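This is structure_16.txt. It holds compact mmCIF, C-alpha atoms and all ligand atoms.
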```txt
# COMPACT_ATOMS: atom_id res chain seq x y z
CA MET A 1 0.00 0.00 0.00
CA ALA A 2 1.40 3.42 -0.98
CA SER A 3 1.95 5.55 2.05
CA LYS A 4 -0.10 8.70 2.59
CA LEU A 5 1.99 11.82 3.01
CA VAL A 6 0.88 13.81 6.07
CA TYR A 7 2.43 17.20 6.82
CA VAL A 8 2.51 18.14 10.52
CA LEU A 9 3.04 21.89 10.79
CA ASN A 10 3.80 23.57 14.10
CA GLY A 11 3.85 27.28 14.78
CA PRO A 12 5.46 29.67 17.22
CA ASN A 13 6.90 28.58 20.56
CA LEU A 14 6.15 24.92 19.96
CA ASN A 15 9.91 24.35 19.64
CA ARG A 16 9.92 24.96 23.40
CA LEU A 17 7.53 22.15 24.26
CA GLY A 18 8.73 20.23 27.30
CA LYS A 19 10.15 23.40 28.87
CA ARG A 20 7.27 25.75 28.12
CA GLU A 21 4.46 25.95 30.72
CA PRO A 22 4.41 22.15 31.16
CA GLU A 23 1.28 22.38 33.32
CA ILE A 24 -0.53 23.53 30.15
CA TYR A 25 1.40 21.92 27.30
CA GLY A 26 2.82 18.79 28.94
CA SER A 27 6.36 17.50 29.39
CA GLN A 28 6.89 15.94 25.97
CA THR A 29 9.06 17.73 23.46
CA LEU A 30 8.12 18.30 19.84
CA ASP A 31 10.72 15.66 18.92
CA ASP A 32 8.94 13.20 21.24
CA ILE A 33 5.64 13.96 19.50
CA GLY A 34 7.29 13.59 16.09
CA ALA A 35 8.63 10.15 17.07
CA MET A 36 5.18 9.08 18.29
CA LEU A 37 3.64 10.24 15.00
CA VAL A 38 6.21 8.38 12.90
CA GLU A 39 5.58 5.18 14.85
CA ARG A 40 1.78 5.48 14.61
CA GLY A 41 2.10 6.59 11.00
CA GLU A 42 3.90 3.35 10.13
CA ALA A 43 0.93 1.39 11.46
CA LEU A 44 -1.55 3.61 9.61
CA GLY A 45 0.33 3.75 6.30
CA CYS A 46 1.23 7.42 6.70
CA GLU A 47 4.56 9.12 6.03
CA ILE A 48 5.10 12.06 8.40
CA GLU A 49 6.67 15.35 7.31
CA MET A 50 7.12 17.28 10.58
CA ARG A 51 8.01 20.99 10.58
CA GLN A 52 8.12 23.85 13.09
CA SER A 53 8.60 27.57 12.60
CA ASN A 54 8.19 30.71 14.65
CA HIS A 55 7.45 32.63 11.44
CA GLU A 56 3.95 32.96 10.03
CA GLY A 57 5.03 33.04 6.37
CA HIS A 58 6.83 29.70 6.69
CA LEU A 59 3.55 28.11 7.72
CA VAL A 60 1.82 29.69 4.68
CA ASP A 61 4.59 28.42 2.38
CA TRP A 62 4.41 24.90 3.85
CA LEU A 63 0.64 24.73 3.38
CA HIS A 64 1.18 25.53 -0.30
CA GLU A 65 4.01 23.00 -0.45
CA ALA A 66 1.82 20.28 1.10
CA GLN A 67 -0.67 20.84 -1.71
CA ASP A 68 2.03 20.87 -4.41
CA GLU A 69 3.60 17.68 -3.03
CA GLY A 70 0.26 15.90 -3.15
CA ALA A 71 -0.07 15.49 0.60
CA HIS A 72 -3.03 13.48 1.83
CA ALA A 73 -3.64 15.80 4.81
CA VAL A 74 -2.06 18.46 6.99
CA LEU A 75 -2.12 18.55 10.79
CA LEU A 76 -1.69 22.18 11.83
CA ASN A 77 -0.96 23.51 15.28
CA ALA A 78 -0.48 27.15 14.41
CA GLY A 79 0.17 28.14 18.05
CA ALA A 80 -0.83 31.74 18.71
CA TYR A 81 -1.22 32.42 14.98
CA THR A 82 -4.38 30.33 15.28
CA HIS A 83 -6.00 33.33 16.92
CA THR A 84 -4.51 36.12 14.80
CA SER A 85 -3.70 35.00 11.28
CA VAL A 86 -6.02 35.81 8.40
CA ALA A 87 -3.06 34.85 6.19
CA LEU A 88 -3.25 31.27 7.48
CA LEU A 89 -7.03 31.20 6.98
CA ASP A 90 -6.53 32.34 3.38
CA ALA A 91 -3.70 29.83 2.88
CA ILE A 92 -5.91 26.96 4.03
CA ARG A 93 -8.64 28.19 1.69
CA SER A 94 -6.12 28.38 -1.16
CA VAL A 95 -5.42 24.63 -1.06
CA SER A 96 -7.64 21.59 -1.37
CA VAL A 97 -5.61 19.33 0.93
CA PRO A 98 -7.64 18.84 4.14
CA VAL A 99 -6.20 20.61 7.16
CA ILE A 100 -6.90 19.34 10.67
CA GLU A 101 -6.44 21.94 13.42
CA VAL A 102 -4.60 20.52 16.45
CA HIS A 103 -4.00 21.91 19.92
CA LEU A 104 -2.43 20.38 22.99
CA SER A 105 -4.55 22.48 25.34
CA ASN A 106 -8.24 23.28 24.99
CA PRO A 107 -8.22 26.97 24.00
CA HIS A 108 -11.91 27.31 24.93
CA THR A 109 -11.11 26.75 28.61
CA ARG A 110 -8.43 29.46 28.53
CA GLU A 111 -8.27 33.23 27.99
CA ALA A 112 -11.02 34.79 25.85
CA PHE A 113 -8.53 35.80 23.14
CA ARG A 114 -7.91 32.09 22.49
CA HIS A 115 -11.58 31.39 21.85
CA THR A 116 -11.41 32.65 18.26
CA SER A 117 -9.65 30.47 15.72
CA TRP A 118 -9.06 31.76 12.20
CA VAL A 119 -7.57 28.37 11.34
CA GLY A 120 -10.70 26.60 12.55
CA GLN A 121 -12.86 28.58 10.11
CA ALA A 122 -11.27 26.72 7.20
CA ALA A 123 -10.12 23.48 8.84
CA LYS A 124 -11.74 20.14 8.13
CA GLY A 125 -11.98 19.63 11.89
CA THR A 126 -10.32 20.40 15.18
CA ILE A 127 -8.81 18.20 17.90
CA ALA A 128 -7.83 20.00 21.09
CA GLY A 129 -7.27 19.38 24.76
CA PHE A 130 -5.67 15.94 24.82
CA GLY A 131 -2.03 16.97 25.12
CA ALA A 132 0.34 15.10 22.81
CA GLN A 133 -2.47 12.63 22.22
CA SER A 134 -4.27 15.35 20.20
CA TYR A 135 -1.69 14.83 17.43
CA LEU A 136 -2.20 11.06 17.40
CA LEU A 137 -5.99 11.43 17.30
CA ALA A 138 -5.63 13.90 14.44
CA LEU A 139 -3.36 11.48 12.57
CA GLU A 140 -5.92 8.72 12.95
CA ALA A 141 -8.61 11.03 11.60
CA ALA A 142 -6.32 12.05 8.71
CA ALA A 143 -5.58 8.45 7.79
CA GLU A 144 -9.33 7.79 7.46
CA LEU A 145 -10.00 10.75 5.18
C1 LIG B 201 -0.54 26.39 21.38
C2 LIG B 201 -0.21 27.71 21.54
O1 LIG B 201 1.03 28.12 21.39
C3 LIG B 201 -1.22 28.70 21.94
O2 LIG B 201 -0.93 29.97 21.44
C4 LIG B 201 -2.62 28.28 21.55
C5 LIG B 201 -1.92 25.92 21.38
C6 LIG B 201 -2.90 26.87 21.99
C7 LIG B 201 -1.99 24.49 21.92
O3 LIG B 201 -2.69 24.24 22.89
O4 LIG B 201 -1.36 23.61 21.33
O5 LIG B 201 -3.54 29.18 22.13
```
Translate the structure of the given file into structure tokens.
Amino acid sequence: MASKLVYVLNGPNLNRLGKREPEIYGSQTLDDIGAMLVERGEALGCEIEMRQSNHEGHLVDWLHEAQDEGAHAVLLNAGAYTHTSVALLDAIRSVSVPVIEVHLSNPHTREAFRHTSWVGQAAKGTIAGFGAQSYLLALEAAAEL
């Protein structure tokens, strides 16, 4: 079976997972999450392309790239850009590859400014609040698309 290419795009400050507010984001690093995704991806027939950037435009470029590379799906944790970036909303709308919004925490239980998601307005669906497990749940959903 040909493997399904799944981009996993991570936005600002997620390079600091493990050190950053662990009571909110957990103790696993982004590398730990990447390793979990690769392992689960092997079982699901998915090839994982994991990226992180603190720069909004990189995330826009990678969404376009995912489309151009024929990706099956994108998992996107845009970090704080989730709540601010019309550019990311437009980028998601500019591609046909399905984008699944992912969050470690549940933004709806946090500050009011996290209750709006521009990403969510164009995403296929959202998985939030399950820590690192959110990524695995999103990968399982992506594999079924
Ligand atoms: C990650 C961030 O960096 C925050 O800005 C979001 C999200 C929530 C998360 O829970 O993964 O508000």
- Which residues sit within 9 Å of ligand LIG 201 (chain B), counting all atoms listed in the file, listed as an MDAnalysis selection string? chainID A and resid 10:14 24:25 77:83 102:107 110:111 113:115 117 128:129 131:132 134
- Item | Top pick for closest residue to Ser96 in chain A, considering A:Ala112, A:Ala71, A:Ala138, A:Val119 and counting only C-alpha atoms | A:Ala71
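Atom pair CA of Gly26 in chain A / CA of Glu65 in chain A: separated by 29.7 Å.
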- Message: From the options A:Thr84, A:Thr29, A:Asn15, A:Asn54, which residue's atoms come nearest to Gly120 in chain A, counting all atoms listed in the file?
- Response: A:Thr84
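Take the candidates A:Ala91, A:Leu37, A:Leu59, A:Leu5 and check each one against Leu137 in chain A using only C-alpha atoms; the shortest distance goes to A:Leu37.
Computed from the coordinates, the CA of Leu75 in chain A to CA of Val6 in chain A distance equals 7.3 Å.
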- Message: When you count only C-alpha atoms, which of these residues is closest to Glu49 in chain A: A:Asp61, A:Glu101, A:Glu69, A:Glu23?
- Response: A:Glu69
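Between CA of Val95 in chain A and CA of Arg16 in chain A the interatomic distance comes to 28.9 Å.
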- Query: Which residue, A:Tyr7, A:Trp118, A:Thr126, A:His55, has the smallest gap to Gly41 in chain A when you use only C-alpha atoms?
  - Reply: A:Tyr7
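Using all atoms listed in the file, the shortest contact distance between Ser3 in chain A and any of A:Leu44, A:Val38, A:Leu139, A:Leu63 is found at A:Leu44.
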